[in-house]
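Right, one structure below, let's go through it.
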Amino acid sequence: MTLRTARVTYSKRTPPIPAVRKREAIERESMTDQPADGTLTTEKKLRINWHSNAPWANTGYGNQTRLFVPRIKELGYPMSITAFYGLQGGKLQLGDVTVYPVGKHPYGQDVLGSHAIHSGANAIITLMDAWVVQPENTLGVPWFPWFPIDSEPMPSNVYAMVKQAKKPIVMSKYGKKQAEAMGLDVYYVPHGVDTKVFKPVDRAEARDRLGFPRDKFIVGMVAANKGTTPPRKAFHEQIAAFKAFHMMNPDTLLYIHTDDGTHGGDSLDLQKFCKVMGLKTGYVDCKPLPDDIDVAFVDQYQNQLGIPDAYMVDIYNAFDVLLMCSMGEGFGIPLVEAQACGCPVITGEWTAMGELCFSGWKVSKAETTPYFIQFYDAFQFRVKEEAVVDRLLKSYEMRGNNEYRSRARDGALAYDADKVTEKYWKPVLADIEAHLSEVKSE
């Protein structure tokens, strides 16, 4: 969470080698708005380089890249991708979308503008944590960060970066409120979910496919185990709460869809924590889960390779409730995915989480302990164990309630990726294109 990176600056005045310069000129000419023969074209003037995780990456940013790059392209905008996570050593082609690799900087800041210019783009959209962006390396290409705000107030280091953008794009209503409180003029475009994929299926059959018991109340967590100072996803607090709940109701199971932390890296050893808590752990391998397992983790190797959507659909349908009381969220994709599958949620009312609870139980900010993060100059919030236990008990009382499950699905439909594209991306991109055209004509 507090990784600091060296700033690398490349001058726009540094001339590229002749062969590269000639190639760039040819590519830019091939993307002009008016063909040489005078025939009319409907090609958009806005050409976008999307700087984020690769669309095949097993991450939230990769998920949104996979959803929205093709949809934005279908609106008529030429697209390229800079995959600062998921690709090294050379370009790849996904149809007519070029995917550029990371450079030497871990977040691709040394190639931020260079890749955009090489692709012929006249706008960069970054989907990443904004504090790591080095705006001077856009090399004059207009920058539009689509970024999270997961603390209160807006972090000072995030503000320092995005105030240099042409116009920032926030991904939550909470983020819009915090950005505007800092005097920023922002667009709002929420994350999305493919609700034609993430939808209710037969719950008993989903549990059978996964090897889950049909007769247990299953609590699910879907969260990245990344960062330990502090662990933003509040694994310790929520697992401890499940332990107390499990002692009252032994017919319960916690499934955690994450790295279990036994493989090193900047993650919590959740196996060790579960052992200390007296919870017996196991792994889901689509064979019947032993009856004495209290906490089940996703298969760790498969999780590294990437989990198919069909598996996630079964997981969400198998849950009785999704538990997600993080210290802070810039959005919270699992909240929408779960509810699209008809699964109610337990989540916090702070940061972006509260606006994404369509069916379930919220924990109030009064039931947290504020935690000041010096790196951000802002607060996140640690949920109190007893508050989570209370909501788990409430959800246990309502197990199998079809009204809750129907309401969850209905609320999630507003975040369908096609609807988000039409309602939010389409007018935002049209406005960006109009603004860039005005600037060019001046």
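Letters for chains follow the order of the structure tokens (A, B, ...), residue numbers begin at 1 for each chain, and ligand numbers begin at 1 in the order shown.
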Write down as a list in words the residues of stretch 118-195 of chain A whose backbone DSSP state falls under alpha helix (DSSP H).
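Listing alpha helix (DSSP H) positions across stretch 118-195 of chain A yields His118, Ser119, Ser156, Asn157, Val158, Tyr159, Ala160, Met161, Val162, Lys173, Tyr174, Gly175, Lys176, Lys177, Gln178, Ala179, Glu180 and Ala181 of chain A.
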Applying 9 Å and only C-alpha atoms, which residues near A:Glu237 remain after dropping the ones on its own chain fewer than 6 positions away? List them as a ChimeraX atom specification.
/A:325,382-385,388
Atoms to include: all heavy atoms. Write the selected residues as a PDB file, in the first residue's frame.
```
ATOM      1  N   CYS A 325     -16.262  -5.913   4.596  1.00  0.00           N
ATOM      2  CA  CYS A 325     -16.151  -4.726   5.450  1.00  0.00           C
ATOM      3  C   CYS A 325     -14.698  -4.268   5.472  1.00  0.00           C
ATOM      4  O   CYS A 325     -14.017  -4.351   6.508  1.00  0.00           O
ATOM      5  CB  CYS A 325     -16.659  -5.022   6.857  1.00  0.00           C
ATOM      6  SG  CYS A 325     -18.435  -5.362   6.946  1.00  0.00           S
ATOM      7  N   ARG A 382     -11.408   0.762  10.629  1.00  0.00           N
ATOM      8  CA  ARG A 382     -11.345  -0.635  11.029  1.00  0.00           C
ATOM      9  C   ARG A 382     -12.668  -1.041  11.675  1.00  0.00           C
ATOM     10  O   ARG A 382     -13.079  -0.488  12.699  1.00  0.00           O
ATOM     11  CB  ARG A 382     -10.192  -0.847  12.010  1.00  0.00           C
ATOM     12  CG  ARG A 382      -8.859  -1.043  11.314  1.00  0.00           C
ATOM     13  CD  ARG A 382      -7.749  -1.329  12.302  1.00  0.00           C
ATOM     14  NE  ARG A 382      -6.604  -1.916  11.631  1.00  0.00           N
ATOM     15  CZ  ARG A 382      -5.376  -1.917  12.126  1.00  0.00           C
ATOM     16  NH1 ARG A 382      -5.130  -1.359  13.301  1.00  0.00           N
ATOM     17  NH2 ARG A 382      -4.390  -2.474  11.464  1.00  0.00           N
ATOM     18  N   VAL A 383     -13.307  -2.027  11.070  1.00  0.00           N
ATOM     19  CA  VAL A 383     -14.598  -2.477  11.581  1.00  0.00           C
ATOM     20  C   VAL A 383     -14.417  -3.207  12.912  1.00  0.00           C
ATOM     21  O   VAL A 383     -13.428  -3.910  13.125  1.00  0.00           O
ATOM     22  CB  VAL A 383     -15.290  -3.394  10.541  1.00  0.00           C
ATOM     23  CG1 VAL A 383     -14.537  -4.712  10.367  1.00  0.00           C
ATOM     24  CG2 VAL A 383     -16.740  -3.619  10.900  1.00  0.00           C
ATOM     25  N   LYS A 384     -15.377  -3.009  13.800  1.00  0.00           N
ATOM     26  CA  LYS A 384     -15.333  -3.694  15.083  1.00  0.00           C
ATOM     27  C   LYS A 384     -15.921  -5.094  14.941  1.00  0.00           C
ATOM     28  O   LYS A 384     -16.953  -5.286  14.281  1.00  0.00           O
ATOM     29  CB  LYS A 384     -16.103  -2.895  16.135  1.00  0.00           C
ATOM     30  CG  LYS A 384     -15.444  -1.547  16.453  1.00  0.00           C
ATOM     31  CD  LYS A 384     -16.226  -0.764  17.493  1.00  0.00           C
ATOM     32  CE  LYS A 384     -15.526   0.568  17.801  1.00  0.00           C
ATOM     33  NZ  LYS A 384     -16.298   1.378  18.778  1.00  0.00           N
ATOM     34  N   GLU A 385     -15.255  -6.044  15.558  1.00  0.00           N
ATOM     35  CA  GLU A 385     -15.637  -7.444  15.427  1.00  0.00           C
ATOM     36  C   GLU A 385     -17.101  -7.679  15.786  1.00  0.00           C
ATOM     37  O   GLU A 385     -17.822  -8.398  15.082  1.00  0.00           O
ATOM     38  CB  GLU A 385     -14.730  -8.292  16.320  1.00  0.00           C
ATOM     39  CG  GLU A 385     -15.030  -9.778  16.323  1.00  0.00           C
ATOM     40  CD  GLU A 385     -14.166 -10.518  17.314  1.00  0.00           C
ATOM     41  OE1 GLU A 385     -12.990 -10.150  17.498  1.00  0.00           O
ATOM     42  OE2 GLU A 385     -14.681 -11.493  17.908  1.00  0.00           O
ATOM     43  N   VAL A 388     -19.633  -6.945  13.013  1.00  0.00           N
ATOM     44  CA  VAL A 388     -19.705  -7.968  11.965  1.00  0.00           C
ATOM     45  C   VAL A 388     -20.475  -9.184  12.472  1.00  0.00           C
ATOM     46  O   VAL A 388     -21.297  -9.761  11.750  1.00  0.00           O
ATOM     47  CB  VAL A 388     -18.299  -8.364  11.490  1.00  0.00           C
ATOM     48  CG1 VAL A 388     -18.377  -9.456  10.430  1.00  0.00           C
ATOM     49  CG2 VAL A 388     -17.561  -7.153  10.930  1.00  0.00           C
TER      50      VAL A 388
END
```
Write out as a VMD selection string which residues come within 8 Å of stretch 259-262 of chain A when counting only C-alpha atoms, dropping same-chain ones fewer than 3 positions away.
chain A and resid 224 to 225 265 267 to 271 297 to 298 300 303
Against stretch 304-315 of chain A, which residues of stretch 327-410 of chain A fall within 12 Å? For each one I want the closest pair of atoms and the distance in Å (one decimal), counting only C-alpha atoms, rows by chain and increasing residue number, as a Markdown table.
```
| residue | atom | partner | partner_atom | distance |
| --- | --- | --- | --- | --- |
| A:Pro334 | CA | A:Met312 | CA | 9.9 |
| A:Val336 | CA | A:Val313 | CA | 12.0 |
| A:Glu337 | CA | A:Val313 | CA | 8.3 |
| A:Ala338 | CA | A:Val313 | CA | 8.1 |
| A:Gln339 | CA | A:Val313 | CA | 10.6 |
| A:Ala340 | CA | A:Val313 | CA | 9.3 |
| A:Cys341 | CA | A:Val313 | CA | 6.8 |
| A:Gly342 | CA | A:Val313 | CA | 10.2 |
| A:Cys343 | CA | A:Ile315 | CA | 10.0 |
```
Can I get the selected residues back with all heavy atoms, as an mmCIF file, in the first residue's frame?
```
data_model
loop_
_atom_site.group_PDB
_atom_site.id
_atom_site.type_symbol
_atom_site.label_atom_id
_atom_site.label_comp_id
_atom_site.auth_asym_id
_atom_site.auth_seq_id
_atom_site.Cartn_x
_atom_site.Cartn_y
_atom_site.Cartn_z
ATOM 1 N N PRO A 334 -16.570 -7.036 -6.183
ATOM 2 C CA PRO A 334 -17.257 -8.232 -5.684
ATOM 3 C C PRO A 334 -18.649 -7.952 -5.115
ATOM 4 O O PRO A 334 -19.526 -8.818 -5.182
ATOM 5 C CB PRO A 334 -16.314 -8.760 -4.598
ATOM 6 C CG PRO A 334 -14.966 -8.277 -5.017
ATOM 7 C CD PRO A 334 -15.211 -6.926 -5.593
ATOM 8 N N VAL A 336 -20.877 -5.947 -6.333
ATOM 9 C CA VAL A 336 -21.820 -5.914 -7.456
ATOM 10 C C VAL A 336 -21.920 -7.287 -8.116
ATOM 11 O O VAL A 336 -23.017 -7.740 -8.470
ATOM 12 C CB VAL A 336 -21.419 -4.832 -8.473
ATOM 13 C CG1 VAL A 336 -22.461 -4.748 -9.591
ATOM 14 C CG2 VAL A 336 -21.296 -3.469 -7.784
ATOM 15 N N GLU A 337 -20.784 -7.965 -8.287
ATOM 16 C CA GLU A 337 -20.816 -9.297 -8.890
ATOM 17 C C GLU A 337 -21.673 -10.249 -8.055
ATOM 18 O O GLU A 337 -22.491 -11.003 -8.603
ATOM 19 C CB GLU A 337 -19.398 -9.855 -9.011
ATOM 20 C CG GLU A 337 -18.551 -9.178 -10.075
ATOM 21 C CD GLU A 337 -17.146 -9.749 -10.173
ATOM 22 O OE1 GLU A 337 -16.690 -10.393 -9.199
ATOM 23 O OE2 GLU A 337 -16.501 -9.562 -11.228
ATOM 24 N N ALA A 338 -21.488 -10.226 -6.737
ATOM 25 C CA ALA A 338 -22.247 -11.118 -5.863
ATOM 26 C C ALA A 338 -23.740 -10.836 -5.951
ATOM 27 O O ALA A 338 -24.561 -11.754 -6.099
ATOM 28 C CB ALA A 338 -21.770 -10.968 -4.422
ATOM 29 N N GLN A 339 -24.098 -9.563 -5.874
ATOM 30 C CA GLN A 339 -25.521 -9.222 -5.907
ATOM 31 C C GLN A 339 -26.142 -9.472 -7.278
ATOM 32 O O GLN A 339 -27.322 -9.809 -7.378
ATOM 33 C CB GLN A 339 -25.703 -7.771 -5.463
ATOM 34 C CG GLN A 339 -25.419 -7.601 -3.970
ATOM 35 C CD GLN A 339 -25.451 -6.158 -3.514
ATOM 36 O OE1 GLN A 339 -26.437 -5.685 -2.959
ATOM 37 N NE2 GLN A 339 -24.351 -5.453 -3.750
ATOM 38 N N ALA A 340 -25.337 -9.348 -8.331
ATOM 39 C CA ALA A 340 -25.841 -9.701 -9.665
ATOM 40 C C ALA A 340 -26.224 -11.173 -9.725
ATOM 41 O O ALA A 340 -27.113 -11.569 -10.485
ATOM 42 C CB ALA A 340 -24.781 -9.399 -10.722
ATOM 43 N N CYS A 341 -25.556 -11.996 -8.895
ATOM 44 C CA CYS A 341 -25.866 -13.424 -8.808
ATOM 45 C C CYS A 341 -26.948 -13.716 -7.771
ATOM 46 O O CYS A 341 -27.267 -14.885 -7.522
ATOM 47 C CB CYS A 341 -24.602 -14.216 -8.477
ATOM 48 S SG CYS A 341 -23.363 -14.187 -9.791
ATOM 49 N N GLY A 342 -27.498 -12.664 -7.152
ATOM 50 C CA GLY A 342 -28.575 -12.846 -6.185
ATOM 51 C C GLY A 342 -28.105 -13.039 -4.762
ATOM 52 O O GLY A 342 -28.906 -13.456 -3.906
ATOM 53 N N CYS A 343 -26.847 -12.740 -4.473
ATOM 54 C CA CYS A 343 -26.303 -12.944 -3.131
ATOM 55 C C CYS A 343 -26.322 -11.630 -2.356
ATOM 56 O O CYS A 343 -25.687 -10.662 -2.772
ATOM 57 C CB CYS A 343 -24.877 -13.477 -3.217
ATOM 58 S SG CYS A 343 -24.065 -13.658 -1.626
#
```
Using only C-alpha atoms, which residues sit within 12 Å of A:Met248 once same-chain residues fewer than 3 positions away are excluded, as a PyMOL selection string?
chain A and resi 241-245+251-252+389-390+392-393+396
Near stretch 219-221 of chain A, within 8 Å and counting only C-alpha atoms, which residues show up once chain neighbours fewer than 4 positions away are dropped, as an MDAnalysis selection string?
chainID A and resid 252:257 316 319:324
Give me the residues near A:Lys166 as a list in words, where near means some atom within 7 Å (using only C-alpha atoms) and where sequence neighbours in that chain fewer than 3 positions away do not count.
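The contact residues come out as Pro142, Trp143 and Phe144 of chain A.
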Next, write the just-selected residues to a file, as a PDB file, in the first residue's frame, keeping N, CA, C and O atoms as the atom set.
```
ATOM      1  N   PRO A 142      -2.911  14.423 -23.514  1.00  0.00           N
ATOM      2  CA  PRO A 142      -3.897  14.700 -22.466  1.00  0.00           C
ATOM      3  C   PRO A 142      -4.209  13.446 -21.641  1.00  0.00           C
ATOM      4  O   PRO A 142      -4.413  12.361 -22.191  1.00  0.00           O
ATOM      5  N   TRP A 143      -4.261  13.643 -20.333  1.00  0.00           N
ATOM      6  CA  TRP A 143      -4.382  12.525 -19.385  1.00  0.00           C
ATOM      7  C   TRP A 143      -5.698  12.608 -18.638  1.00  0.00           C
ATOM      8  O   TRP A 143      -6.050  13.649 -18.092  1.00  0.00           O
ATOM      9  N   PHE A 144      -6.416  11.475 -18.617  1.00  0.00           N
ATOM     10  CA  PHE A 144      -7.696  11.372 -17.927  1.00  0.00           C
ATOM     11  C   PHE A 144      -7.648  10.169 -16.986  1.00  0.00           C
ATOM     12  O   PHE A 144      -7.864   9.033 -17.406  1.00  0.00           O
TER      13      PHE A 144
END
```
Rounded to one decimal in Å, what is the spacing between atom CA of A:Gly95 and atom CA of A:Tyr107?
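Going from atom CA of A:Gly95 over to atom CA of A:Tyr107, I get 24.6 Å.
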Set the distance at 8 Å and use only C-alpha atoms: which residues neighbour A:Val141 once local chain neighbours fewer than 3 positions away are removed? I'd like the list as a ChimeraX atom specification.
/A:113,116-117,121-124,138
So the first atom is atom CA of A:Glu74 and the second is atom CA of A:His51; what is the distance between them in Å, to one decimal place?
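Atom CA of A:His51 lies at a distance of 18.5 Å from atom CA of A:Glu74.
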